[in-house]
$ cat protein-v7.tsv   # TSV, C-alpha atoms and all ligand atoms
chain	number	residue	atom	x	y	z
X	1	MET	CA	139.70	124.64	121.53
X	2	LEU	CA	140.47	127.86	119.63
X	3	ALA	CA	137.75	130.46	119.41
X	4	VAL	CA	137.18	133.81	117.73
X	5	LYS	CA	135.61	136.31	120.11
X	6	VAL	CA	133.58	139.08	118.44
X	7	PRO	CA	131.20	141.85	119.54
X	8	LYS	CA	127.57	140.70	119.57
X	9	GLU	CA	126.47	143.21	116.89
X	10	GLU	CA	129.01	141.93	114.34
X	11	ALA	CA	128.49	138.23	115.06
X	12	GLU	CA	126.38	137.31	112.03
X	13	MET	CA	128.61	139.13	109.57
X	14	ILE	CA	131.73	137.51	111.06
X	15	ARG	CA	130.13	134.06	111.14
X	16	ARG	CA	129.63	134.30	107.39
X	17	LYS	CA	133.22	135.44	106.93
X	18	LEU	CA	134.54	132.51	109.00
X	19	LEU	CA	132.42	130.15	106.92
X	20	GLU	CA	133.83	131.66	103.73
X	21	LEU	CA	137.35	131.21	105.04
X	22	GLY	CA	136.51	127.59	105.89
X	23	VAL	CA	137.77	127.89	109.47
X	24	LEU	CA	134.51	127.60	111.43
X	25	ALA	CA	134.65	124.30	113.36
X	26	LYS	CA	131.59	122.19	112.60
X	27	GLY	CA	129.57	120.17	115.09
X	28	TYR	CA	129.71	122.62	118.03
X	29	TYR	CA	127.24	125.07	119.56
X	30	ILE	CA	128.47	128.67	119.42
X	31	LYS	CA	128.68	130.46	122.76
X	32	ARG	CA	126.95	133.72	123.63
X	33	GLU	CA	128.16	136.05	126.41
X	34	GLU	CA	126.66	139.34	127.48
X	35	ASP	CA	128.34	141.53	124.81
X	36	SER	CA	130.15	139.02	122.68
X	37	VAL	CA	129.82	135.80	120.74
X	38	LEU	CA	132.44	133.04	120.55
X	39	PHE	CA	132.89	130.91	117.43
X	40	PRO	CA	134.88	127.66	117.51
X	41	VAL	CA	137.58	127.71	114.82
X	42	THR	CA	139.98	125.18	113.41
X	43	GLU	CA	142.97	127.57	113.27
X	44	PRO	CA	143.93	131.10	114.38
X	45	VAL	CA	142.42	133.78	112.10
X	46	ASP	CA	144.27	137.05	111.47
X	47	GLY	CA	142.56	140.24	112.58
X	48	PHE	CA	140.37	138.64	115.28
X	49	GLU	CA	140.66	138.19	119.02
X	50	ILE	CA	141.59	134.53	119.55
X	51	VAL	CA	140.88	132.84	122.89
X	52	GLU	CA	140.89	129.30	124.27
X	53	GLU	CA	137.35	128.08	125.00
X	54	GLU	CA	135.36	124.85	125.49
X	55	PHE	CA	132.33	124.22	123.27
X	56	LYS	CA	129.45	121.80	123.62
X	57	ARG	CA	129.18	119.25	120.81
X	58	ILE	CA	125.98	119.14	118.74
X	59	GLU	CA	124.65	115.61	119.05
X	60	ARG	CA	123.52	114.42	115.65
X	61	ARG	CA	120.64	111.91	115.70
X	62	PRO	CA	121.64	108.98	113.52
X	63	ASN	CA	119.23	108.13	110.69
X	64	SER	CA	119.42	104.40	111.13
X	65	TYR	CA	119.99	102.06	114.07
X	66	ARG	CA	122.69	100.50	111.90
X	67	ASP	CA	124.84	103.64	112.35
X	68	ILE	CA	125.11	103.13	116.11
X	69	VAL	CA	124.58	99.43	116.85
X	70	GLU	CA	127.57	97.57	118.23
X	71	VAL	CA	128.00	94.24	116.46
X	72	PRO	CA	131.22	92.68	115.13
X	73	LYS	CA	132.24	94.24	111.83
X	74	GLU	CA	131.76	91.02	109.84
X	75	PHE	CA	128.07	90.88	110.88
X	76	LYS	CA	127.22	94.47	109.93
X	77	PRO	CA	126.15	93.57	106.38
X	78	LEU	CA	123.59	91.15	107.86
X	79	LEU	CA	121.75	93.86	109.80
X	80	PRO	CA	118.23	94.22	108.33
X	81	SER	CA	117.64	97.55	106.64
X	82	SER	CA	113.98	97.63	107.65
X	83	PHE	CA	111.57	96.18	110.20
X	84	ASP	CA	107.86	96.28	110.94
X	85	ILE	CA	106.47	98.97	113.20
X	86	ILE	CA	103.08	98.24	114.74
X	87	GLY	CA	101.97	101.09	117.00
X	88	ASP	CA	104.90	101.60	119.36
X	89	ILE	CA	106.33	98.10	118.86
X	90	ALA	CA	109.11	97.15	116.42
X	91	ILE	CA	109.37	93.60	115.08
X	92	VAL	CA	112.64	92.73	113.42
X	93	GLU	CA	113.67	89.63	111.50
X	94	LEU	CA	117.21	88.63	112.47
X	95	PRO	CA	119.35	85.96	110.85
X	96	GLU	CA	120.60	83.28	113.27
X	97	GLU	CA	124.12	84.83	113.42
X	98	LEU	CA	122.72	88.12	114.76
X	99	MET	CA	120.53	86.63	117.51
X	100	PRO	CA	123.33	86.83	120.15
X	101	TYR	CA	123.38	90.61	119.47
X	102	GLY	CA	119.61	90.97	119.65
X	103	GLY	CA	119.78	93.08	122.85
X	104	ALA	CA	122.22	95.58	121.31
X	105	ILE	CA	120.13	95.75	118.12
X	106	GLY	CA	116.95	96.34	120.13
X	107	GLU	CA	118.58	99.09	122.21
X	108	ALA	CA	119.89	100.80	119.07
X	109	ILE	CA	116.40	100.76	117.53
X	110	LEU	CA	114.96	102.30	120.72
X	111	LYS	CA	117.62	105.01	120.68
X	112	VAL	CA	117.02	106.06	117.07
X	113	HIS	CA	113.22	105.70	117.00
X	114	ARG	CA	112.07	107.49	120.13
X	115	HIS	CA	108.39	106.57	119.65
X	116	ILE	CA	109.17	102.84	119.79
X	117	LYS	CA	108.85	101.40	123.28
X	118	ALA	CA	109.43	97.68	122.72
X	119	VAL	CA	111.48	95.64	120.26
X	120	PHE	CA	110.89	91.97	119.44
X	121	ALA	CA	112.52	89.51	117.05
X	122	LYS	CA	110.48	87.12	114.94
X	123	GLY	CA	110.90	83.74	116.61
X	124	GLY	CA	109.75	81.62	113.67
X	125	LYS	CA	107.23	81.46	110.88
X	126	VAL	CA	103.56	82.43	111.15
X	127	SER	CA	101.87	79.14	112.00
X	128	GLY	CA	98.77	77.38	113.32
X	129	GLN	CA	95.12	78.18	112.73
X	130	TYR	CA	95.44	81.64	114.25
X	131	ARG	CA	98.41	82.52	112.00
X	132	VAL	CA	100.53	84.00	114.80
X	133	ARG	CA	104.24	83.63	115.48
X	134	GLU	CA	106.52	83.48	118.50
X	135	LEU	CA	108.11	86.81	119.40
X	136	ILE	CA	111.38	87.11	121.29
X	137	PRO	CA	111.80	90.25	123.44
X	138	LEU	CA	114.98	92.13	122.59
X	139	ALA	CA	114.72	95.51	124.34
X	140	GLY	CA	112.33	97.94	126.01
X	141	GLU	CA	108.99	97.05	127.55
X	142	LYS	CA	107.91	93.40	127.53
X	143	ARG	CA	104.48	94.45	126.28
X	144	THR	CA	102.84	93.12	123.13
X	145	GLU	CA	99.58	95.12	123.15
X	146	THR	CA	99.61	98.33	121.16
X	147	LEU	CA	97.49	100.86	119.30
X	148	HIS	CA	98.27	101.15	115.60
X	149	ARG	CA	96.99	103.60	113.02
X	150	GLU	CA	96.38	102.53	109.44
X	151	ASN	CA	94.39	104.14	106.62
X	152	GLY	CA	92.78	106.54	109.08
X	153	ILE	CA	91.53	103.86	111.47
X	154	ARG	CA	92.78	102.89	114.94
X	155	LEU	CA	93.55	99.26	115.67
X	156	LYS	CA	94.25	97.97	119.14
X	157	LEU	CA	95.81	94.53	119.14
X	158	ASP	CA	98.25	92.18	120.78
X	159	VAL	CA	100.95	91.40	118.25
X	160	ALA	CA	101.72	88.06	119.97
X	161	ARG	CA	98.11	86.86	120.02
X	162	VAL	CA	96.55	88.18	116.84
X	163	TYR	CA	97.82	88.14	113.26
X	164	TYR	CA	98.54	91.57	111.88
X	165	THR	CA	100.94	92.94	109.30
X	166	PRO	CA	101.28	96.62	108.38
X	167	ARG	CA	102.53	95.49	104.96
X	168	LEU	CA	98.97	95.02	103.70
X	169	ALA	CA	97.87	98.60	104.34
X	170	THR	CA	98.03	99.56	100.63
X	171	GLU	CA	96.21	96.39	99.61
X	172	ARG	CA	93.43	97.08	102.12
X	173	MET	CA	93.07	100.60	100.72
X	174	ARG	CA	92.80	99.10	97.20
X	175	VAL	CA	89.91	96.91	98.32
X	176	PHE	CA	88.31	99.92	100.04
X	177	GLU	CA	88.47	101.86	96.77
X	178	LYS	CA	86.75	99.02	94.91
X	179	THR	CA	83.96	98.79	97.49
X	180	ARG	CA	80.70	100.51	96.57
X	181	PRO	CA	78.60	102.39	99.11
X	182	GLY	CA	75.86	100.30	100.72
X	183	GLU	CA	77.41	96.88	100.11
X	184	VAL	CA	77.10	93.92	102.48
X	185	ILE	CA	80.51	92.36	103.03
X	186	LEU	CA	81.86	89.14	104.50
X	187	ASP	CA	85.39	89.40	105.94
X	188	MET	CA	86.04	85.67	106.28
X	189	PHE	CA	89.33	85.92	108.22
X	190	ALA	CA	88.96	89.24	109.97
X	191	GLY	CA	91.70	89.27	112.65
X	192	ALA	CA	91.51	92.45	114.71
X	193	GLY	CA	89.58	94.11	111.88
X	194	PRO	CA	91.91	96.04	109.55
X	195	TYR	CA	89.69	95.25	106.52
X	196	SER	CA	86.33	95.17	108.30
X	197	ILE	CA	86.68	98.50	110.10
X	198	LEU	CA	88.01	100.27	107.02
X	199	LEU	CA	85.35	98.89	104.67
X	200	ALA	CA	82.63	99.70	107.21
X	201	ARG	CA	83.15	103.34	106.22
X	202	LYS	CA	81.46	102.56	102.89
X	203	ALA	CA	79.55	99.34	103.46
X	204	LYS	CA	76.07	98.93	104.90
X	205	LEU	CA	77.10	95.90	106.92
X	206	VAL	CA	80.29	93.89	107.44
X	207	PHE	CA	80.20	90.35	108.85
X	208	ALA	CA	83.65	89.91	110.42
X	209	VAL	CA	84.50	86.31	111.27
X	210	ASP	CA	87.50	84.86	113.06
X	211	LEU	CA	88.32	81.66	114.87
X	212	ASN	CA	90.74	83.28	117.29
X	213	PRO	CA	88.99	84.57	120.46
X	214	TRP	CA	91.74	87.18	120.94
X	215	ALA	CA	91.13	88.53	117.45
X	216	ILE	CA	87.40	88.90	118.17
X	217	ARG	CA	88.12	90.51	121.55
X	218	TYR	CA	90.26	93.18	119.88
X	219	LEU	CA	87.87	93.48	116.95
X	220	GLU	CA	85.07	94.33	119.40
X	221	GLU	CA	87.28	96.96	121.00
X	222	ASN	CA	88.21	98.36	117.58
X	223	ILE	CA	84.55	98.57	116.58
X	224	CYS	CA	84.03	100.86	119.62
X	225	LEU	CA	87.24	102.81	119.07
X	226	ASN	CA	86.27	103.56	115.47
X	227	LYS	CA	82.50	103.82	116.02
X	228	ALA	CA	81.99	101.11	113.39
X	229	SER	CA	78.69	99.77	114.67
X	230	ASN	CA	77.87	98.27	111.25
X	231	VAL	CA	80.57	95.61	111.79
X	232	ILE	CA	79.15	92.37	113.22
X	233	PRO	CA	81.91	90.38	114.98
X	234	ILE	CA	81.45	86.61	114.82
X	235	LEU	CA	83.65	84.19	116.73
X	236	GLY	CA	83.88	80.81	115.03
X	237	ASP	CA	84.86	78.78	112.01
X	238	VAL	CA	83.80	80.69	108.91
X	239	ARG	CA	82.74	77.39	107.30
X	240	LYS	CA	79.80	77.34	109.69
X	241	ILE	CA	78.71	80.87	108.74
X	242	ALA	CA	79.60	81.19	105.06
X	243	GLY	CA	76.91	79.89	102.76
X	244	ARG	CA	74.21	80.90	105.26
X	245	ILE	CA	74.44	84.59	104.39
X	246	ARG	CA	74.45	86.34	101.01
X	247	VAL	CA	76.83	89.24	100.49
X	248	ASP	CA	78.02	91.57	97.74
X	249	ARG	CA	81.72	91.06	98.47
X	250	ALA	CA	83.83	88.53	100.37
X	251	ILE	CA	87.44	88.92	101.52
X	252	MET	CA	89.54	85.79	101.84
X	253	ASN	CA	92.68	86.96	103.59
X	254	LEU	CA	94.12	83.61	104.58
X	255	PRO	CA	96.69	83.16	101.80
X	256	LYS	CA	98.10	79.88	103.09
X	257	PHE	CA	94.78	78.00	103.03
X	258	ALA	CA	92.25	80.21	101.19
X	259	ASP	CA	91.74	77.58	98.49
X	260	ARG	CA	90.12	75.26	101.09
X	261	PHE	CA	87.41	77.87	101.67
X	262	LEU	CA	86.63	78.76	98.06
X	263	LYS	CA	83.45	76.71	97.88
X	264	LYS	CA	81.98	78.41	100.96
X	265	ALA	CA	83.03	81.82	99.71
X	266	MET	CA	81.36	81.31	96.32
X	267	LEU	CA	78.16	80.14	98.01
X	268	SER	CA	78.17	83.29	100.15
X	269	VAL	CA	78.18	85.91	97.40
X	270	LYS	CA	75.10	87.01	95.47
X	271	HIS	CA	74.94	86.68	91.67
X	272	GLY	CA	77.51	89.21	90.43
X	273	GLY	CA	79.20	89.37	93.84
X	274	ILE	CA	82.94	89.83	94.12
X	275	ILE	CA	85.58	87.78	95.92
X	276	HIS	CA	89.02	89.09	96.90
X	277	TYR	CA	91.11	85.94	97.06
X	278	TYR	CA	94.67	85.83	98.47
X	279	GLY	CA	97.30	83.18	97.95
X	280	PHE	CA	101.02	82.62	97.52
X	281	GLY	CA	102.59	82.06	94.15
X	282	PRO	CA	106.07	81.41	92.72
X	283	GLU	CA	107.68	84.00	90.47
X	284	GLY	CA	107.18	81.91	87.32
X	285	GLY	CA	103.45	81.25	87.85
X	286	LEU	CA	102.00	83.71	90.29
X	287	TYR	CA	98.32	83.14	89.60
X	288	SER	CA	97.83	80.12	87.35
X	289	GLU	CA	97.42	77.41	90.01
X	290	HIS	CA	94.90	79.53	91.96
X	291	GLU	CA	92.90	80.46	88.87
X	292	VAL	CA	92.66	76.82	87.83
X	293	LYS	CA	91.27	75.94	91.31
X	294	ILE	CA	88.83	78.87	91.27
X	295	LYS	CA	87.45	77.81	87.87
X	296	ALA	CA	87.22	74.14	88.89
X	297	ILE	CA	85.26	74.90	92.05
X	298	ALA	CA	82.92	77.28	90.23
X	299	ARG	CA	82.24	74.56	87.65
X	300	GLU	CA	81.55	72.05	90.43
X	301	LEU	CA	78.97	74.43	91.88
X	302	GLY	CA	77.41	75.15	88.50
X	303	LEU	CA	78.65	78.76	88.63
X	304	ALA	CA	80.81	80.87	86.35
X	305	VAL	CA	83.58	83.30	87.27
X	306	GLU	CA	84.89	86.44	85.64
X	307	PHE	CA	88.42	87.46	86.63
X	308	LEU	CA	88.59	91.19	87.29
X	309	ASP	CA	92.08	91.93	88.56
X	310	ARG	CA	95.20	90.20	89.82
X	311	ARG	CA	98.24	91.64	91.46
X	312	LYS	CA	101.40	90.98	93.44
X	313	VAL	CA	100.68	92.22	96.95
X	314	ARG	CA	104.12	91.84	98.51
X	315	PRO	CA	107.15	89.55	98.48
X	316	TYR	CA	106.68	86.63	100.85
X	317	ALA	CA	109.79	84.42	100.59
X	318	PRO	CA	112.64	84.20	98.07
X	319	ARG	CA	110.93	84.15	94.64
X	320	GLN	CA	107.48	83.77	96.28
X	321	PHE	CA	104.80	86.43	96.37
X	322	ASN	CA	101.61	87.08	98.23
X	323	VAL	CA	99.12	87.59	95.39
X	324	ALA	CA	95.56	88.85	95.14
X	325	ILE	CA	92.96	87.72	92.62
X	326	ASP	CA	89.63	89.56	92.36
X	327	PHE	CA	86.81	87.72	90.60
X	328	ARG	CA	83.09	87.99	90.07
X	329	VAL	CA	80.81	85.03	90.67
X	330	LEU	CA	77.98	84.54	88.18
X	331	GLY	CA	75.39	81.93	88.86
X	401	LIG	C1	96.27	85.99	107.74
X	401	LIG	S1	95.21	86.35	109.11
X	401	LIG	C2	94.39	87.79	108.48
X	401	LIG	C3	93.82	88.70	109.52
X	401	LIG	C4	93.31	90.03	109.00
X	401	LIG	N1	92.44	89.89	107.86
X	401	LIG	C5	94.45	90.98	108.70
X	401	LIG	O1	94.56	91.41	107.55
X	401	LIG	O2	95.22	91.35	109.60
X	401	LIG	C6	94.02	85.07	109.00
X	401	LIG	C7	93.02	85.01	110.14
X	401	LIG	O3	92.09	83.96	109.86
X	401	LIG	C8	91.71	83.33	111.06
X	401	LIG	N2	91.21	81.99	110.70
X	401	LIG	C9	91.91	80.90	110.33
X	401	LIG	N3	91.07	79.86	110.04
X	401	LIG	C10	89.81	80.33	110.21
X	401	LIG	C11	88.53	79.74	110.06
X	401	LIG	N4	88.37	78.48	109.66
X	401	LIG	N5	87.45	80.51	110.32
X	401	LIG	C12	87.59	81.81	110.70
X	401	LIG	N6	88.78	82.39	110.87
X	401	LIG	C13	89.89	81.69	110.63
X	401	LIG	C14	92.96	83.36	111.92
X	401	LIG	O4	92.65	83.28	113.28
X	401	LIG	C15	93.59	84.72	111.52
X	401	LIG	O5	93.19	85.72	112.41
$ encode --input "protein-v7.tsv" --output "structure tokens" --more "lines below"
Ligand SMILES: C[S@@+](CC[C@H](N)C(=O)[O-])C[C@H]1O[C@@H](n2cnc3c(N)ncnc32)[C@H](O)[C@@H]1O
Amino acid sequence: MLAVKVPKEEAEMIRRKLLELGVLAKGYYIKREEDSVLFPVTEPVDGFEIVEEEFKRIERRPNSYRDIVEVPKEFKPLLPSSFDIIGDIAIVELPEELMPYGGAIGEAILKVHRHIKAVFAKGGKVSGQYRVRELIPLAGEKRTETLHRENGIRLKLDVARVYYTPRLATERMRVFEKTRPGEVILDMFAGAGPYSILLARKAKLVFAVDLNPWAIRYLEENICLNKASNVIPILGDVRKIAGRIRVDRAIMNLPKFADRFLKKAMLSVKHGGIIHYYGFGPEGGLYSEHEVKIKAIARELGLAVEFLDRRKVRPYAPRQFNVAIDFRVLG
């Protein structure tokens, strides 16, 4: 391509001039020789030495995998604009039509996000007692164990064996802010410990219960990793434990079935204790059904409840939200 060759000492001044004239070719590295500098130009420029030269292109890193992925044009609008990142693993939700291009999508994600080492597609809904889902490998390492950082804590977990979503990080921080120093807490559905380990920074003691042996295995590792020796991991059905201990605060992060555990939760908190209840609710009535149940169960137990806060946590499905209800139990 055409180039302007100038003495080294005048290079900066001439570069500005070429820019002003609008003839400096963009997207190329300039070339430096011993006494001179060569600028790529789009057309000959009067008053300068013009030579023919080859220039190396500046490779621009695309911002999104969608800029480089190769899928048929008609499917481009279906490409998800975001995906979950857990440690160095990406988990993407693909519509059926894009599944045949999963490999290309995975490779594009790896190319744009250099810290990601493995890409999986969601293979279905979260299901079963352990609340995990099938993951389909798309690209990179076929590894599902990773180390994730959230709210200043480190969480090691296997994304195929233990439930975890990074989308609750803000909600967990909210609960942390409401926690008072010295409290005793029951994390009824602890998973690998994102609530328990965080709250342990303020609490005196956290009982962290889960039914899934993999969750407890990682929770134990995370207790060591984060030096959270005030977290007591308990493997088993929380129904067998709740009601036998008395705590200041209970966390019920099992939105699909939390209502079935309300009685046990209320029997586990001291007079004035607080419960963080999670559920799903439709746009038109986010909280009402849950609040009715909470009041009914309290009445059955001869207790009273005081609602403290309620909020949309995140969208869950079309016109459905994951909601949180905080309430105090008075007995
Ligand atoms: C939605 S996950 C939440 C995990 C964790 N709190 C988090 O935020 O990542 C619910 C967890 O409850 C556990 N679980 C389900 N039924 C249970 C029960 N009856 N007793 C104890 N744990 C249970 C599952 O194994 C799963 O790890």
$ residues_around --input "protein-v7.tsv" --residues "segment 100-113 of chain X" --least-positions-apart "2" --cutoff "10 Å" --atoms "all atoms listed in the file" --output "count of residues only"
36
$ closest_residue --input "protein-v7.tsv" --among "X:Lys26, X:Lys31, X:Lys256, X:Arg16" --to "ligand LIG 401 (chain X)" --atoms "all atoms listed in the file"
X:Lys256
$ atom_distance --input "protein-v7.tsv" --atom1 "atom CA of Tyr287 of chain X" --atom2 "atom CA of Arg249 of chain X"
20.4 Å
$ closest_atom_pairs --input "protein-v7.tsv" --of "chain X" --to "ligand LIG 401 (chain X)" --cutoff "10 Å" --atoms "all atoms listed in the file" --output "Markdown table"
| residue | atom | partner | partner_atom | distance |
| --- | --- | --- | --- | --- |
| X:Val126 | CA | X:LIG401 | C1 | 8.8 |
| X:Ser127 | CA | X:LIG401 | C1 | 9.8 |
| X:Gly128 | CA | X:LIG401 | C9 | 8.3 |
| X:Gln129 | CA | X:LIG401 | C9 | 4.8 |
| X:Tyr130 | CA | X:LIG401 | O4 | 3.4 |
| X:Arg131 | CA | X:LIG401 | C15 | 5.3 |
| X:Val132 | CA | X:LIG401 | C15 | 7.7 |
| X:Arg161 | CA | X:LIG401 | O5 | 9.1 |
| X:Val162 | CA | X:LIG401 | O5 | 6.1 |
| X:Tyr163 | CA | X:LIG401 | S1 | 5.2 |
| X:Tyr164 | CA | X:LIG401 | O2 | 4.0 |
| X:Thr165 | CA | X:LIG401 | O2 | 5.9 |
| X:Pro166 | CA | X:LIG401 | O2 | 8.1 |
| X:Arg167 | CA | X:LIG401 | O1 | 9.3 |
| X:Leu168 | CA | X:LIG401 | O1 | 6.9 |
| X:Ala169 | CA | X:LIG401 | O1 | 8.5 |
| X:Glu171 | CA | X:LIG401 | O1 | 9.5 |
| X:Arg172 | CA | X:LIG401 | O1 | 7.9 |
| X:Asp187 | CA | X:LIG401 | N1 | 7.3 |
| X:Met188 | CA | X:LIG401 | C12 | 6.1 |
| X:Phe189 | CA | X:LIG401 | O3 | 3.8 |
| X:Ala190 | CA | X:LIG401 | N1 | 4.1 |
| X:Gly191 | CA | X:LIG401 | C3 | 3.8 |
| X:Ala192 | CA | X:LIG401 | O2 | 6.4 |
| X:Gly193 | CA | X:LIG401 | C4 | 6.2 |
| X:Pro194 | CA | X:LIG401 | O1 | 5.7 |
| X:Tyr195 | CA | X:LIG401 | N1 | 6.2 |
| X:Ser196 | CA | X:LIG401 | N1 | 8.1 |
| X:Ala208 | CA | X:LIG401 | C12 | 9.0 |
| X:Val209 | CA | X:LIG401 | C12 | 5.5 |
| X:Asp210 | CA | X:LIG401 | N6 | 3.5 |
| X:Leu211 | CA | X:LIG401 | N6 | 4.1 |
| X:Asn212 | CA | X:LIG401 | O4 | 4.4 |
| X:Pro213 | CA | X:LIG401 | O4 | 8.2 |
| X:Trp214 | CA | X:LIG401 | O4 | 8.6 |
| X:Ala215 | CA | X:LIG401 | O5 | 6.1 |
| X:Ile216 | CA | X:LIG401 | O5 | 8.8 |
| X:Ile234 | CA | X:LIG401 | C12 | 8.8 |
| X:Leu235 | CA | X:LIG401 | C12 | 7.6 |
| X:Gly236 | CA | X:LIG401 | C12 | 5.8 |
| X:Asp237 | CA | X:LIG401 | N5 | 3.5 |
| X:Val238 | CA | X:LIG401 | N5 | 3.9 |
| X:Arg239 | CA | X:LIG401 | N4 | 6.2 |
| X:Lys240 | CA | X:LIG401 | N5 | 8.3 |
| X:Ile241 | CA | X:LIG401 | N5 | 8.9 |
| X:Ala242 | CA | X:LIG401 | N5 | 9.5 |
| X:Ile251 | CA | X:LIG401 | N1 | 8.1 |
| X:Met252 | CA | X:LIG401 | N1 | 7.8 |
| X:Asn253 | CA | X:LIG401 | N1 | 5.2 |
| X:Leu254 | CA | X:LIG401 | C1 | 4.5 |
| X:Pro255 | CA | X:LIG401 | C1 | 6.6 |
| X:Lys256 | CA | X:LIG401 | C1 | 7.9 |
| X:Phe257 | CA | X:LIG401 | N3 | 8.1 |
| X:Ala258 | CA | X:LIG401 | N3 | 8.9 |
| X:Arg260 | CA | X:LIG401 | N4 | 9.3 |
| X:Phe261 | CA | X:LIG401 | N4 | 8.1 |
| X:Tyr278 | CA | X:LIG401 | C1 | 9.4 |
$ atom_distance --input "protein-v7.tsv" --atom1 "atom CA of Val184 of chain X" --atom2 "atom CA of Leu205 of chain X"
4.9 Å
$ closest_residue --input "protein-v7.tsv" --among "X:Ile274, X:Ala203, X:Ile185, X:Ile197" --to "Phe307 of chain X" --atoms "all atoms listed in the file"
X:Ile274
$ atom_distance --input "protein-v7.tsv" --atom1 "atom CA of Leu18 of chain X" --atom2 "atom CA of Glu43 of chain X"
10.7 Å
$ residues_around --input "protein-v7.tsv" --residues "Val329 of chain X" --least-positions-apart "5" --cutoff "9 Å" --atoms "only C-alpha atoms" --output "list of chain:residue names"
X:Met266, X:Val269, X:Lys270, X:His271, X:Gly272, X:Gly273, X:Ile274, X:Ile275, X:Ala298, X:Leu303, X:Ala304, X:Val305, X:Glu306, X:Phe307
$ closest_residue --input "protein-v7.tsv" --among "X:Glu300, X:Lys204, X:Tyr218, X:Thr146" --to "Val231 of chain X" --atoms "all atoms listed in the file"
X:Lys204
$ closest_residue --input "protein-v7.tsv" --among "X:Val6, X:Leu78, X:Ile14, X:Val23" --to "Asp35 of chain X" --atoms "all atoms listed in the file"
X:Val6
$ residues_around --input "protein-v7.tsv" --residues "Phe176 of chain X" --least-positions-apart "2" --cutoff "10 Å" --atoms "all atoms listed in the file" --output "list in words"
Asn151, Thr170, Glu171, Arg172, Met173, Arg174, Lys178, Thr179, Arg180, Tyr195, Ser196, Leu198, Leu199, Ala200, Arg201, Lys202 and Ala203 of chain X
$ closest_residue --input "protein-v7.tsv" --among "X:Arg57, X:Lys76, X:Arg319, X:Arg314" --to "Gly285 of chain X" --atoms "all atoms listed in the file"
X:Arg319
$ residues_near_point --input "protein-v7.tsv" --point "(140.3, 139.9, 116.2)" --cutoff "9 Å" --atoms "all atoms listed in the file" --output "PyMOL selection string"
chain X and resi 4-6+45-50
$ residues_near_point --input "protein-v7.tsv" --point "(97.3, 91.5, 91.9)" --cutoff "7 Å" --atoms "only C-alpha atoms" --output "MDAnalysis selection string"
chainID X and resid 309:313 323:325
$ closest_residue --input "protein-v7.tsv" --among "X:Leu155, X:Leu308, X:Leu19, X:Leu262" --to "Lys293 of chain X" --atoms "all atoms listed in the file"
X:Leu262
$ axis_aligned_box --input "protein-v7.tsv" --around "segment 140-153 of chain X" --padding-each-side "6 Å" --output "lines of an AutoDock Vina configuration file"
center_x = 101.9
center_y = 99.8
center_z = 117.1
size_x = 32.8
size_y = 25.4
size_z = 32.9
$ residues_around --input "protein-v7.tsv" --residues "Arg15 of chain X" --least-positions-apart "2" --cutoff "12 Å" --atoms "only C-alpha atoms" --output "list of chain:residue names"
X:Ala3, X:Val4, X:Lys5, X:Val6, X:Pro7, X:Lys8, X:Glu9, X:Glu10, X:Ala11, X:Glu12, X:Met13, X:Lys17, X:Leu18, X:Leu19, X:Glu20, X:Leu21, X:Gly22, X:Val23, X:Leu24, X:Ala25, X:Ile30, X:Val37, X:Leu38, X:Phe39, X:Pro40, X:Val41, X:Phe48
$ decode --input "protein-v7.tsv" --residues "segment 89-95 of chain X" --atoms "N, CA, C and O atoms" --output "mmCIF file, in the first residue's frame"
data_model
loop_
_atom_site.group_PDB
_atom_site.id
_atom_site.type_symbol
_atom_site.label_atom_id
_atom_site.label_comp_id
_atom_site.auth_asym_id
_atom_site.auth_seq_id
_atom_site.Cartn_x
_atom_site.Cartn_y
_atom_site.Cartn_z
ATOM 1 N N ILE X 89 -16.064 -20.695 33.597
ATOM 2 C CA ILE X 89 -17.021 -21.462 32.783
ATOM 3 C C ILE X 89 -18.177 -20.550 32.362
ATOM 4 O O ILE X 89 -18.704 -19.799 33.181
ATOM 5 N N ALA X 90 -18.536 -20.642 31.065
ATOM 6 C CA ALA X 90 -19.694 -19.876 30.574
ATOM 7 C C ALA X 90 -20.849 -20.839 30.350
ATOM 8 O O ALA X 90 -20.652 -21.936 29.823
ATOM 9 N N ILE X 91 -22.049 -20.410 30.760
ATOM 10 C CA ILE X 91 -23.248 -21.243 30.548
ATOM 11 C C ILE X 91 -24.267 -20.399 29.794
ATOM 12 O O ILE X 91 -24.708 -19.348 30.265
ATOM 13 N N VAL X 92 -24.603 -20.898 28.598
ATOM 14 C CA VAL X 92 -25.416 -20.083 27.694
ATOM 15 C C VAL X 92 -26.745 -20.803 27.451
ATOM 16 O O VAL X 92 -26.799 -22.037 27.432
ATOM 17 N N GLU X 93 -27.800 -20.019 27.324
ATOM 18 C CA GLU X 93 -29.115 -20.597 27.059
ATOM 19 C C GLU X 93 -29.417 -20.395 25.589
ATOM 20 O O GLU X 93 -29.576 -19.254 25.133
ATOM 21 N N LEU X 94 -29.479 -21.491 24.821
ATOM 22 C CA LEU X 94 -29.685 -21.376 23.374
ATOM 23 C C LEU X 94 -31.075 -21.851 22.981
ATOM 24 O O LEU X 94 -31.518 -22.907 23.441
ATOM 25 N N PRO X 95 -31.754 -21.105 22.112
ATOM 26 C CA PRO X 95 -33.011 -21.638 21.589
ATOM 27 C C PRO X 95 -32.721 -22.848 20.704
ATOM 28 O O PRO X 95 -31.618 -22.965 20.150
#
